[in-house]
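Colleague: So that you have it, the file is query11.tsv, and it contains TSV, C-alpha atoms:
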chain	number	residue	atom	x	y	z
A	1	MET	CA	-18.37	-19.09	29.01
A	2	PRO	CA	-15.01	-19.02	30.82
A	3	GLN	CA	-13.48	-21.33	28.20
A	4	ASN	CA	-14.39	-18.87	25.45
A	5	ARG	CA	-13.10	-16.00	27.53
A	6	ASN	CA	-9.73	-17.72	27.97
A	7	LYS	CA	-9.53	-18.42	24.26
A	8	ARG	CA	-10.28	-14.77	23.48
A	9	ILE	CA	-7.63	-13.62	25.92
A	10	GLU	CA	-5.11	-15.93	24.25
A	11	LEU	CA	-5.94	-14.55	20.80
A	12	PHE	CA	-5.86	-11.00	22.19
A	13	ILE	CA	-2.35	-11.66	23.53
A	14	ALA	CA	-1.19	-13.26	20.26
A	15	ASN	CA	-2.31	-10.30	18.17
A	16	LEU	CA	-1.01	-7.71	20.59
A	17	THR	CA	2.36	-9.49	20.67
A	18	ASN	CA	2.46	-9.10	16.92
A	19	VAL	CA	1.81	-5.37	17.22
A	20	ILE	CA	4.53	-4.97	19.88
A	21	VAL	CA	7.08	-6.92	17.82
A	22	HIS	CA	6.20	-4.78	14.80
A	23	ARG	CA	6.81	-1.58	16.77
A	24	ILE	CA	10.22	-2.78	17.99
A	25	LEU	CA	11.21	-3.90	14.48
A	26	GLU	CA	10.19	-0.52	13.10
A	27	ILE	CA	12.77	1.12	15.36
A	28	ALA	CA	15.42	-1.37	14.26
A	29	VAL	CA	15.10	-0.45	10.58
A	30	ASP	CA	18.00	1.79	9.59
A	31	ASN	CA	15.98	3.91	7.18
A	32	LYS	CA	13.30	5.61	9.31
A	33	GLU	CA	11.56	7.18	6.35
A	34	ILE	CA	10.99	3.80	4.74
A	35	ALA	CA	10.06	2.17	8.06
A	36	SER	CA	7.32	4.75	8.65
A	37	LYS	CA	5.67	3.64	5.39
A	38	TYR	CA	5.08	0.21	6.92
A	39	LYS	CA	2.85	1.38	9.75
A	40	LYS	CA	-0.21	0.34	7.79
A	41	GLU	CA	1.03	-3.23	7.52
A	42	ILE	CA	0.11	-4.03	11.09
A	43	GLU	CA	-3.43	-2.70	10.89
A	44	ALA	CA	-5.00	-6.16	10.58
A	45	SER	CA	-3.43	-7.35	13.84
A	46	LEU	CA	-4.34	-4.13	15.61
A	47	LYS	CA	-7.91	-4.39	14.37
A	48	LEU	CA	-8.17	-7.98	15.61
A	49	THR	CA	-6.65	-7.03	18.98
A	50	LYS	CA	-9.33	-4.37	19.42
A	51	LYS	CA	-12.06	-6.78	18.36
A	52	TYR	CA	-10.95	-9.30	20.98
A	53	ARG	CA	-10.70	-6.61	23.65
A	54	GLU	CA	-14.32	-5.69	22.95
A	55	GLN	CA	-15.26	-9.28	23.76
A	56	ILE	CA	-13.45	-9.45	27.09
A	57	ASN	CA	-15.42	-8.16	30.04
A	58	PRO	CA	-15.21	-5.64	31.62
A	59	ILE	CA	-14.97	-3.70	28.38
A	60	GLN	CA	-14.91	-0.13	29.67
A	61	SER	CA	-12.75	-0.58	32.75
A	62	PRO	CA	-9.45	-2.35	33.48
A	63	LEU	CA	-9.42	-6.09	34.14
A	64	PRO	CA	-9.00	-7.47	37.67
A	65	GLU	CA	-5.41	-6.94	38.79
A	66	LYS	CA	-4.43	-10.61	38.90
A	67	GLN	CA	-5.68	-11.23	35.37
A	68	ALA	CA	-4.15	-8.02	34.01
A	69	LEU	CA	-0.77	-8.94	35.48
A	70	ALA	CA	-0.97	-12.42	33.97
A	71	ILE	CA	-1.71	-10.93	30.52
A	72	ARG	CA	1.14	-8.47	30.93
A	73	GLN	CA	3.58	-11.25	31.82
A	74	LYS	CA	2.49	-13.45	28.92
A	75	LEU	CA	2.86	-10.55	26.51
A	76	LEU	CA	6.34	-9.74	27.79
A	77	ASN	CA	7.44	-13.36	27.49
A	78	LYS	CA	6.00	-13.89	24.03
A	79	ALA	CA	7.40	-10.66	22.61
A	80	GLU	CA	10.83	-11.32	24.10
A	81	ILE	CA	10.92	-14.88	22.77
A	82	ARG	CA	10.01	-13.73	19.28
A	83	LEU	CA	12.59	-10.97	19.29
A	84	SER	CA	15.29	-13.17	20.85
A	85	SER	CA	14.85	-15.74	18.09
A	86	ARG	CA	15.62	-12.97	15.60
A	87	ILE	CA	18.62	-11.72	17.57
A	88	SER	CA	20.08	-15.23	17.63
A	89	GLN	CA	19.92	-15.26	13.81
A	90	GLY	CA	22.01	-12.12	13.55
A	91	TYR	CA	19.42	-9.36	13.74
A	92	LYS	CA	20.90	-5.99	14.71
A	93	ASN	CA	19.45	-3.03	16.61
A	94	LEU	CA	16.67	-4.92	18.35
A	95	HIS	CA	16.27	-3.45	21.81
A	96	LEU	CA	14.63	-5.90	24.18
A	97	ASP	CA	14.64	-3.30	26.94
A	98	GLN	CA	11.95	-1.38	25.05
A	99	VAL	CA	9.49	-4.26	25.15
A	100	GLU	CA	8.21	-3.48	28.65
A	101	GLU	CA	7.58	0.16	27.81
A	102	PHE	CA	5.59	-0.76	24.69
A	103	VAL	CA	3.62	-3.44	26.51
A	104	GLU	CA	2.65	-1.01	29.29
A	105	ALA	CA	1.53	1.64	26.80
A	106	ALA	CA	-0.50	-0.84	24.75
A	107	LEU	CA	-2.21	-2.33	27.80
A	108	LYS	CA	-3.18	1.11	29.05
A	109	GLU	CA	-4.47	2.10	25.63
A	110	LEU	CA	-6.61	-1.02	25.47
A	111	LYS	CA	-7.86	-0.61	29.03
A	112	ILE	CA	-6.37	-3.82	30.37
A	113	ILE	CA	-4.54	-2.05	33.20
B	1	MET	CA	-23.51	33.34	-38.84
B	2	ASP	CA	-20.03	32.64	-37.49
B	3	ILE	CA	-16.92	34.29	-38.77
B	4	ILE	CA	-13.45	33.29	-37.74
B	5	ALA	CA	-11.12	36.26	-37.79
B	6	LYS	CA	-7.89	37.40	-36.23
B	7	VAL	CA	-7.53	40.23	-33.75
B	8	SER	CA	-5.12	42.74	-35.21
B	9	ARG	CA	-3.23	45.56	-33.61
B	10	GLY	CA	-4.56	49.11	-34.04
B	11	THR	CA	-3.05	52.43	-32.97
B	12	LYS	CA	-5.57	53.33	-30.28
B	13	MET	CA	-7.67	50.16	-30.19
B	14	ASP	CA	-7.16	46.64	-31.48
B	15	GLN	CA	-9.63	45.47	-34.17
B	16	ILE	CA	-11.16	42.57	-36.00
B	17	TYR	CA	-11.71	43.00	-39.75
B	18	LEU	CA	-14.91	41.56	-41.23
B	19	PRO	CA	-15.31	40.93	-44.98
B	20	LYS	CA	-17.68	43.41	-46.66
B	21	ASN	CA	-19.29	40.62	-48.58
B	22	ARG	CA	-21.20	38.76	-45.87
B	23	SER	CA	-24.69	37.71	-44.94
B	24	GLY	CA	-25.68	38.84	-41.49
B	25	LEU	CA	-23.73	40.82	-38.89
B	26	TYR	CA	-25.13	44.03	-40.36
B	27	LEU	CA	-23.68	47.42	-39.60
B	28	GLY	CA	-24.99	48.70	-36.27
B	29	SER	CA	-25.86	45.26	-34.93
B	30	TYR	CA	-24.38	44.07	-31.66
B	31	VAL	CA	-22.20	40.98	-31.68
B	32	THR	CA	-20.32	38.92	-29.14
B	33	ILE	CA	-16.70	38.04	-29.64
B	34	GLN	CA	-15.45	34.76	-28.31
B	35	ALA	CA	-12.03	33.17	-28.29
B	36	ILE	CA	-11.70	29.85	-30.07
B	37	ILE	CA	-10.44	27.15	-27.70
B	38	PRO	CA	-7.97	25.01	-29.61
B	39	PRO	CA	-9.05	21.37	-29.63
B	40	LYS	CA	-7.22	19.26	-27.05
B	41	SER	CA	-4.61	17.03	-28.57
B	42	LYS	CA	-5.33	13.42	-27.73
B	43	GLU	CA	-3.15	12.33	-24.87
B	44	THR	CA	-1.04	9.23	-25.15
B	45	LEU	CA	-0.95	7.21	-21.97
B	46	PHE	CA	1.30	4.25	-21.36
B	47	PHE	CA	-0.30	0.93	-20.48
B	48	TYR	CA	1.77	-1.78	-18.82
B	49	HIS	CA	0.47	-5.35	-18.82
B	50	ILE	CA	-3.16	-4.31	-19.17
B	51	SER	CA	-4.74	-6.40	-21.86
B	52	LYS	CA	-8.10	-4.68	-21.75
B	53	LEU	CA	-9.55	-1.64	-20.02
B	54	GLU	CA	-13.21	-0.71	-20.19
B	55	PRO	CA	-13.72	2.54	-22.21
B	56	ILE	CA	-15.46	4.23	-19.26
B	57	LYS	CA	-12.46	3.48	-17.06
B	58	GLN	CA	-10.14	4.89	-19.69
B	59	LYS	CA	-12.15	8.12	-19.66
B	60	ILE	CA	-11.86	8.25	-15.87
B	61	VAL	CA	-8.08	7.78	-16.11
B	62	GLU	CA	-7.79	10.61	-18.64
B	63	GLU	CA	-9.90	12.83	-16.41
B	64	VAL	CA	-7.83	12.01	-13.34
B	65	PHE	CA	-4.57	12.71	-15.13
B	66	SER	CA	-5.89	15.99	-16.44
B	67	VAL	CA	-6.96	17.04	-12.89
B	68	ILE	CA	-3.42	16.39	-11.67
B	69	ASP	CA	-2.03	18.21	-14.69
B	70	GLN	CA	-4.07	21.27	-13.88
B	71	THR	CA	-3.38	21.16	-10.13
B	72	ILE	CA	0.29	20.26	-9.94
B	73	GLU	CA	2.85	22.49	-11.57
B	74	SER	CA	5.61	19.99	-12.17
B	75	TYR	CA	6.04	16.29	-11.69
B	76	ASP	CA	8.10	13.45	-13.09
B	77	ASN	CA	5.29	10.98	-13.67
B	78	ILE	CA	1.80	9.88	-12.67
B	79	ILE	CA	1.25	6.17	-12.13
B	80	LEU	CA	-2.17	4.61	-11.70
B	81	THR	CA	-2.20	1.11	-10.30
B	82	GLY	CA	-4.21	-1.23	-8.09
B	83	SER	CA	-7.64	-2.81	-8.20
B	84	PHE	CA	-9.05	-0.19	-10.61
B	85	LEU	CA	-7.14	-1.90	-13.40
B	86	GLU	CA	-8.70	-5.29	-12.74
B	87	LYS	CA	-11.44	-6.48	-15.07
B	88	GLY	CA	-14.90	-5.31	-14.07
B	89	PHE	CA	-16.07	-2.77	-11.57
B	90	HIS	CA	-15.22	-4.35	-8.23
B	91	PHE	CA	-12.41	-1.93	-7.47
B	92	ASN	CA	-12.10	-0.33	-4.03
B	93	ASP	CA	-10.40	2.91	-4.90
B	94	LEU	CA	-8.00	4.71	-7.20
B	95	ASP	CA	-4.37	4.14	-6.25
B	96	LEU	CA	-2.07	6.80	-7.62
B	97	LEU	CA	1.61	7.43	-7.31
B	98	LEU	CA	2.71	10.97	-8.05
B	99	VAL	CA	6.42	10.98	-8.73
B	100	THR	CA	7.86	14.37	-7.86
B	101	SER	CA	10.61	15.87	-5.78
B	102	ASP	CA	8.39	18.82	-4.77
B	103	LYS	CA	6.72	18.85	-1.38
B	104	ILE	CA	3.05	18.36	-2.15
B	105	GLU	CA	0.11	17.60	0.15
B	106	ALA	CA	-1.75	14.51	-1.01
B	107	LYS	CA	-5.06	15.32	0.72
B	108	PRO	CA	-6.24	18.28	-1.45
B	109	LEU	CA	-5.35	16.34	-4.58
B	110	GLU	CA	-7.25	13.28	-3.37
B	111	GLU	CA	-10.25	15.46	-2.62
B	112	ALA	CA	-10.13	17.13	-6.04
B	113	ILE	CA	-10.05	13.75	-7.81
B	114	GLU	CA	-12.80	12.32	-5.58
B	115	LYS	CA	-14.97	15.35	-6.33
B	116	ILE	CA	-14.74	14.77	-10.07
B	117	THR	CA	-14.83	10.97	-10.24
B	118	GLY	CA	-16.79	10.15	-7.08
B	119	ILE	CA	-14.24	7.39	-6.41
B	120	LYS	CA	-12.23	7.14	-3.20
B	121	THR	CA	-8.66	8.04	-4.08
B	122	GLN	CA	-5.31	7.40	-2.48
B	123	VAL	CA	-2.33	9.40	-3.69
B	124	LEU	CA	1.19	8.52	-2.66
B	125	ILE	CA	3.65	11.33	-3.26
B	126	ILE	CA	7.08	9.91	-3.84
B	127	ASP	CA	10.32	11.16	-5.37
B	128	ALA	CA	12.11	9.22	-8.09
B	129	LYS	CA	14.91	8.14	-5.75
B	130	ALA	CA	12.52	6.71	-3.17
B	131	LEU	CA	10.58	4.95	-5.93
B	132	LEU	CA	13.74	3.25	-7.17
B	133	GLN	CA	14.66	2.35	-3.61
B	134	GLY	CA	11.18	0.90	-3.11
B	135	LEU	CA	11.46	-1.11	-6.32
B	136	ALA	CA	14.81	-2.51	-5.25
B	137	MET	CA	13.72	-3.51	-1.76
B	138	ASP	CA	9.96	-3.87	-1.67
B	139	PRO	CA	8.10	-6.64	-3.53
B	140	LEU	CA	4.84	-4.71	-3.46
B	141	TYR	CA	6.37	-1.80	-5.38
B	142	GLN	CA	7.46	-4.29	-8.02
B	143	ALA	CA	3.97	-5.74	-8.14
B	144	MET	CA	2.41	-2.27	-8.38
B	145	LEU	CA	4.53	-1.29	-11.34
B	146	SER	CA	4.05	-4.60	-13.07
B	147	ARG	CA	0.54	-3.50	-14.03
B	148	CYS	CA	-0.13	0.19	-14.33
B	149	ILE	CA	-1.03	3.17	-16.51
B	150	THR	CA	1.42	6.04	-16.60
B	151	LYS	CA	1.48	9.53	-17.99
B	152	LYS	CA	5.06	9.27	-19.19
B	153	ARG	CA	7.03	6.25	-20.29
B	154	LEU	CA	8.47	4.28	-17.39
B	155	ILE	CA	12.23	4.07	-17.55
B	156	TYR	CA	14.00	2.67	-14.52
B	157	ARG	CA	16.81	0.36	-13.61
B	158	TYR	CA	17.38	-1.11	-10.21
B	159	GLN	CA	19.16	-3.94	-8.55
B	160	ARG	CA	17.19	-6.11	-6.17
B	161	SER	CA	18.47	-5.85	-2.62
B	162	ILE	CA	17.21	-7.80	0.36
B	163	ASN	CA	16.57	-5.76	3.47
B	164	TYR	CA	15.50	-8.50	5.85
B	165	LYS	CA	14.20	-6.09	8.48
B	166	LEU	CA	11.83	-4.40	6.05
B	167	LEU	CA	10.63	-7.73	4.71
B	168	ASP	CA	10.08	-8.94	8.25
B	169	LEU	CA	7.98	-5.84	9.01
B	170	HIS	CA	6.06	-6.48	5.84
B	171	LEU	CA	5.47	-10.13	6.63
B	172	LEU	CA	4.30	-9.47	10.18
B	173	GLY	CA	1.29	-7.76	8.67
B	174	SER	CA	0.18	-11.10	7.21
B	175	GLU	CA	0.55	-13.01	10.45
B	176	ALA	CA	-3.15	-12.57	11.21
B	177	LEU	CA	-3.83	-15.09	8.43
B	178	THR	CA	-2.19	-17.86	10.40
B	179	ARG	CA	-4.38	-17.57	13.47
B	180	GLU	CA	-7.87	-16.40	12.94
B	181	CYS	CA	-8.97	-16.01	9.36
B	182	ASP	CA	-12.62	-16.04	10.39
B	183	LEU	CA	-12.55	-12.50	11.68
B	184	LEU	CA	-11.16	-11.09	8.46
B	185	ASP	CA	-13.32	-10.38	5.44
B	186	GLY	CA	-12.43	-11.70	1.97
B	187	LYS	CA	-10.74	-8.51	0.79
B	188	GLU	CA	-8.58	-8.30	3.90
B	189	LYS	CA	-7.60	-11.94	3.54
B	190	TYR	CA	-6.66	-11.44	-0.09
B	191	LYS	CA	-4.57	-8.37	0.72
B	192	LEU	CA	-2.63	-10.23	3.42
B	193	ALA	CA	-2.21	-13.37	1.28
B	194	ARG	CA	-0.99	-11.30	-1.67
B	195	ASN	CA	1.48	-9.53	0.61
B	196	MET	CA	2.86	-12.81	1.94
B	197	VAL	CA	3.16	-14.41	-1.50
B	198	ALA	CA	4.87	-11.30	-2.94
B	199	ILE	CA	7.52	-11.44	-0.18
B	200	PHE	CA	8.00	-15.15	-0.79
B	201	LEU	CA	8.53	-14.64	-4.54
B	202	PHE	CA	10.89	-11.74	-3.88
B	203	LEU	CA	13.03	-13.77	-1.49
B	204	LYS	CA	13.13	-16.62	-3.97
B	205	GLY	CA	14.49	-14.20	-6.58
B	206	LYS	CA	11.44	-14.61	-8.78
B	207	LYS	CA	9.57	-11.92	-10.68
B	208	VAL	CA	6.89	-10.19	-8.61
B	209	THR	CA	3.98	-9.32	-10.85
B	210	PHE	CA	0.22	-9.51	-10.34
B	211	LYS	CA	0.20	-12.53	-12.62
B	212	SER	CA	2.98	-14.37	-10.77
B	213	ILE	CA	1.33	-13.58	-7.42
B	214	GLU	CA	-2.01	-14.97	-8.62
B	215	SER	CA	-0.47	-18.22	-9.82
B	216	GLU	CA	1.66	-18.60	-6.69
B	217	ILE	CA	-1.44	-18.12	-4.52
B	218	GLN	CA	-3.05	-20.98	-6.37
B	219	ARG	CA	0.10	-23.14	-6.15
B	220	LYS	CA	0.97	-22.50	-2.52
B	221	LEU	CA	-2.37	-21.82	-0.86
B	222	TRP	CA	-4.47	-24.22	-2.96
B	223	ILE	CA	-7.12	-21.61	-3.56
B	224	SER	CA	-7.81	-19.04	-6.26
B	225	SER	CA	-7.65	-15.29	-5.59
B	226	ASP	CA	-11.35	-14.97	-6.40
B	227	GLU	CA	-12.23	-17.61	-3.81
B	228	ILE	CA	-10.23	-15.72	-1.18
B	229	LYS	CA	-11.90	-12.44	-2.11
B	230	ASN	CA	-15.34	-14.05	-1.98
B	231	ASN	CA	-14.47	-15.65	1.35
B	232	SER	CA	-15.30	-19.09	0.01
B	233	GLY	CA	-13.29	-22.31	0.00
B	234	ASP	CA	-12.22	-24.55	2.87
B	235	LYS	CA	-11.19	-22.29	5.75
B	236	LYS	CA	-9.25	-24.97	7.63
B	237	ILE	CA	-7.11	-25.83	4.63
B	238	PHE	CA	-6.60	-22.16	3.86
B	239	ARG	CA	-5.36	-21.46	7.38
B	240	LYS	CA	-3.03	-24.46	7.23
B	241	THR	CA	-1.51	-23.54	3.87
B	242	CYS	CA	-1.14	-19.94	5.05
B	243	GLN	CA	0.66	-21.11	8.18
B	244	HIS	CA	2.98	-23.27	6.10
B	245	LEU	CA	3.83	-20.50	3.65
B	246	TYR	CA	4.25	-17.99	6.48
B	247	ASN	CA	6.79	-20.26	8.21
B	248	GLU	CA	8.61	-20.90	4.95
B	249	THR	CA	8.82	-17.19	4.16
B	250	PHE	CA	9.89	-16.29	7.69
B	251	SER	CA	12.74	-18.82	7.60
B	252	LEU	CA	13.88	-17.30	4.29
B	253	ILE	CA	14.00	-13.92	6.05
B	254	LEU	CA	15.98	-15.37	8.95
B	255	ASN	CA	18.37	-17.02	6.48
B	256	ALA	CA	18.87	-13.66	4.80
B	257	ALA	CA	19.62	-12.07	8.18
B	258	LYS	CA	22.06	-14.84	8.99
B	259	SER	CA	23.87	-14.73	5.65
B	260	GLN	CA	24.14	-10.91	5.72
B	261	GLN	CA	25.65	-11.20	9.18
B	262	THR	CA	28.13	-13.88	8.04
B	263	ASN	CA	29.06	-11.81	4.98
B	264	ARG	CA	29.77	-8.84	7.22
B	265	ILE	CA	32.07	-10.90	9.46
B	266	VAL	CA	33.93	-12.37	6.44
B	267	HIS	CA	34.24	-8.91	4.97
B	268	ARG	CA	35.66	-7.54	8.23
B	269	LYS	CA	38.18	-10.40	8.54
B	270	SER	CA	39.43	-9.97	4.99
B	271	HIS	CA	40.31	-6.33	5.69
In structure tokens, what does this structure look like?
Modeller:
Amino acid sequence: MPQNRNKRIELFIANLTNVIVHRILEIAVDNKEIASKYKKEIEASLKLTKKYREQINPIQSPLPEKQALAIRQKLLNKAEIRLSSRISQGYKNLHLDQVEEFVEAALKELKII
Amino acid sequence: MDIIAKVSRGTKMDQIYLPKNRSGLYLGSYVTIQAIIPPKSKETLFFYHISKLEPIKQKIVEEVFSVIDQTIESYDNIILTGSFLEKGFHFNDLDLLLVTSDKIEAKPLEEAIEKITGIKTQVLIIDAKALLQGLAMDPLYQAMLSRCITKKRLIYRYQRSINYKLLDLHLLGSEALTRECDLLDGKEKYKLARNMVAIFLFLKGKKVTFKSIESEIQRKLWISSDEIKNNSGDKKIFRKTCQHLYNETFSLILNAAKSQQTNRIVHRKSH
């Protein structure tokens, strides 16, 4: 059902946003050795993202261009909003310019684009 | 007939003297000589906040520690923690911390322990400095060491320090609880809830122990740990309470970021 599909896409985006924000935060941590120990923390979100992707057709090939672009844009907006809210509270070393690069890589990995 | 005797030095060959007055071991008979293995002295392990451990588990712990003893040349301490120390036999794996400054591969050690015990094992190799750093900054390290068995006595002193970026990274892992609990199994839910509650306690300046986490789960999420693990209880309420606690914890992190930033500015102005 299209309604279910839209819901799944929304949840896919929410979880993937979490993964992207996590990756950007990891870079912001001053102690890289410690930060690398926290890679496992995001496994639950990554697992859910993959689960949702498996429920969005077509599974094995990229989504239609219009839909893929819409997902990409939503992801960019959500990740930037979440990171900006942190920056406004005094967070240091958060590089918003890296968001696009991470979003592209993740979407390719999950066969959205 | 068994005779215990000492090997003594000879000029051309070493020898063992047998008493003339004996029954058996006649002249001309062939005998085997075997070294006596001295009995193992009973090892003292250190138990922290473990009221009871099943005897079979204790044997496993002794076996695991002896495997590490035989495999690793030098180390500062061995710490066993995690679900194995919970009552009963519902544990997932053996969680070990090997405290050493030597560069050691965890994989062969994990395999050696798994081969002997048949239990999936996770070994974290960590040096004493990193362990102290972890204890100062990471609530889960504090929780881990609040209930454990160690080879040597635990002596450490640290001052709690709030690294808001690390706590934020930590908390992000639990975000899945606020959206779609239904796709997570009970164990995953419990792990994420425990993580979130530990961060909350840490930020509130409270003690982070397995006991305090359990009671805070009940207080804040209105559900017992066992219910979460068994995936029972009202899912809607659980998601709501998780969302509430997540928001509360996240604002504590943002406050910490803000106050650290303000402190820095004040510090700069005063110089």
Colleague: In terms of the shortest atom-to-atom distance over only C-alpha atoms, which of B:Met137, B:Ile253, B:Leu192, B:Ile119 is closest to A:Gly90?
Modeller: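 Of B:Met137, B:Ile253, B:Leu192, B:Ile119, the one nearest A:Gly90 is B:Ile253, counting only C-alpha atoms.
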Colleague: Using all atoms listed in the file, can you list as a PyMOL selection string the residues within 9 Å of (11.4, -3.3, 16.1)?
Modeller: (chain A and resi 20-29+83+93-95) or (chain B and resi 165+169)
Colleague: Distance cut-off 6 Å, counting all atoms listed in the file - which residues of chain A neighbour chain B? Return them as a PyMOL selection string.
Modeller: chain A and resi 41-42+45+89-90
Colleague: Would you give the centre and edge lengths, in Å to one decimal, of a box along x, y and z around the listed atoms of stretch 251-261 of chain B, with 4 Å added to each side, as lines of an AutoDock Vina configuration file?
Modeller:
center_x = 19.2
center_y = -14.9
center_z = 6.7
size_x = 20.9
size_y = 15.9
size_z = 12.9
Colleague: Show which residues sit within 6 Å of A:Thr17, as an mmCIF file with C-alpha atoms, in the coordinates of the input. Count all atoms listed in the file, and ignore same-chain residues fewer than 4 positions away.
Modeller:
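Heads up, here's the output in selection.cif:
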data_model
loop_
_atom_site.group_PDB
_atom_site.id
_atom_site.type_symbol
_atom_site.label_atom_id
_atom_site.label_comp_id
_atom_site.auth_asym_id
_atom_site.auth_seq_id
_atom_site.Cartn_x
_atom_site.Cartn_y
_atom_site.Cartn_z
ATOM 1 C CA ILE A 13 -2.350 -11.660 23.530
ATOM 2 C CA LEU A 75 2.860 -10.550 26.510
ATOM 3 C CA ALA A 79 7.400 -10.660 22.610
#
Colleague: Quick one: pull the distance between atom CA of B:Ile79 and atom CA of B:Ile149, Å, one decimal.
Modeller: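 Computed distance, atom CA of B:Ile79 to atom CA of B:Ile149, equals 5.8 Å.
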Colleague: Taking all atoms listed in the file into account, name the residue in B:Glu86, B:Val64, B:Leu80, B:Leu135 that is nearest to B:Lys152.
Modeller: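 Smallest distance to B:Lys152 is found for B:Leu80.
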Colleague: Hey, what's within 12 Å of stretch 106-113 of chain A if we count only C-alpha atoms and toss same-chain stuff fewer than 3 positions away? As a ChimeraX atom specification, please?
Modeller: /A:9,12-13,15-21,23,46-47,49-54,56-73,75-76,99-103
Colleague: Using only C-alpha atoms, can you tell me which of B:Ala128, B:Glu114, B:Ile33, B:Ser251 comes closest to A:Ser85?
Modeller: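 The answer is B:Ser251, which sits nearest to A:Ser85.
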Colleague: Provide the atom CA of B:Gln142 to atom CA of B:Ala198 distance in Å, to one decimal place.
Modeller: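 Between atom CA of B:Gln142 and atom CA of B:Ala198 the gap works out to 9.0 Å.
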Colleague: Just to confirm, what's the straight-line distance from atom CA of B:Pro55 to atom CA of B:Asp93 in Å (one decimal)?
Modeller: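 Taking atom CA of B:Pro55 and atom CA of B:Asp93, their separation equals 17.6 Å.
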Colleague: Skip B:Gly118 itself and residues of its chain fewer than 5 positions away, then list as a PyMOL selection string all residues within 12 Å of it, counting only C-alpha atoms.
Modeller: chain B and resi 60+63-64+92-94+110-113
Colleague: Looking at all atoms listed in the file, which of B:Tyr17, B:Tyr75, B:Tyr26, B:Phe91 is the one that sits closest to B:Ile125?
Modeller: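 Smallest distance to B:Ile125 is found for B:Tyr75.
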Colleague: Residues near B:Trp222, anyone? I mean within 12 Å using all atoms listed in the file, not counting same-chain ones fewer than 2 positions away, as a list in words.
Modeller: Ala193, Glu214, Ser215, Glu216, Ile217, Gln218, Arg219, Lys220, Ser224, Ser225, Glu227, Ile228, Gly233, Asp234, Lys235, Lys236, Ile237, Phe238, Arg239, Lys240, Thr241, Cys242, His244 and Leu245 of chain B
Colleague: Would you kindly place N, CA and C atoms on stretch 93-106 of chain A and return the model as an mmCIF file, keeping the file's coordinate frame?
Modeller:
data_model
loop_
_atom_site.group_PDB
_atom_site.id
_atom_site.type_symbol
_atom_site.label_atom_id
_atom_site.label_comp_id
_atom_site.auth_asym_id
_atom_site.auth_seq_id
_atom_site.Cartn_x
_atom_site.Cartn_y
_atom_site.Cartn_z
ATOM 1 N N ASN A 93 20.255 -4.179 16.126
ATOM 2 C CA ASN A 93 19.450 -3.030 16.610
ATOM 3 C C ASN A 93 18.095 -3.397 17.206
ATOM 4 N N LEU A 94 17.944 -4.587 17.686
ATOM 5 C CA LEU A 94 16.670 -4.920 18.350
ATOM 6 C C LEU A 94 16.869 -4.695 19.854
ATOM 7 N N HIS A 95 16.073 -3.802 20.402
ATOM 8 C CA HIS A 95 16.270 -3.450 21.810
ATOM 9 C C HIS A 95 15.197 -4.107 22.674
ATOM 10 N N LEU A 96 15.582 -5.168 23.319
ATOM 11 C CA LEU A 96 14.630 -5.900 24.180
ATOM 12 C C LEU A 96 14.174 -5.063 25.360
ATOM 13 N N ASP A 97 15.011 -4.129 25.776
ATOM 14 C CA ASP A 97 14.640 -3.300 26.940
ATOM 15 C C ASP A 97 13.448 -2.394 26.649
ATOM 16 N N GLN A 98 13.107 -2.246 25.375
ATOM 17 C CA GLN A 98 11.950 -1.380 25.050
ATOM 18 C C GLN A 98 10.633 -2.143 25.109
ATOM 19 N N VAL A 99 10.711 -3.454 25.199
ATOM 20 C CA VAL A 99 9.490 -4.260 25.150
ATOM 21 C C VAL A 99 8.530 -3.868 26.274
ATOM 22 N N GLU A 100 9.056 -3.759 27.479
ATOM 23 C CA GLU A 100 8.210 -3.480 28.650
ATOM 24 C C GLU A 100 7.448 -2.154 28.480
ATOM 25 N N GLU A 101 8.177 -1.170 28.010
ATOM 26 C CA GLU A 101 7.580 0.160 27.810
ATOM 27 C C GLU A 101 6.411 0.086 26.805
ATOM 28 N N PHE A 102 6.628 -0.625 25.710
ATOM 29 C CA PHE A 102 5.590 -0.760 24.690
ATOM 30 C C PHE A 102 4.402 -1.571 25.194
ATOM 31 N N VAL A 103 4.700 -2.604 25.971
ATOM 32 C CA VAL A 103 3.620 -3.440 26.510
ATOM 33 C C VAL A 103 2.743 -2.617 27.454
ATOM 34 N N GLU A 104 3.391 -1.859 28.336
ATOM 35 C CA GLU A 104 2.650 -1.010 29.290
ATOM 36 C C GLU A 104 1.732 -0.048 28.539
ATOM 37 N N ALA A 105 2.306 0.636 27.548
ATOM 38 C CA ALA A 105 1.530 1.640 26.800
ATOM 39 C C ALA A 105 0.340 0.983 26.105
ATOM 40 N N ALA A 106 0.580 -0.168 25.491
ATOM 41 C CA ALA A 106 -0.500 -0.840 24.750
ATOM 42 C C ALA A 106 -1.595 -1.311 25.697
#
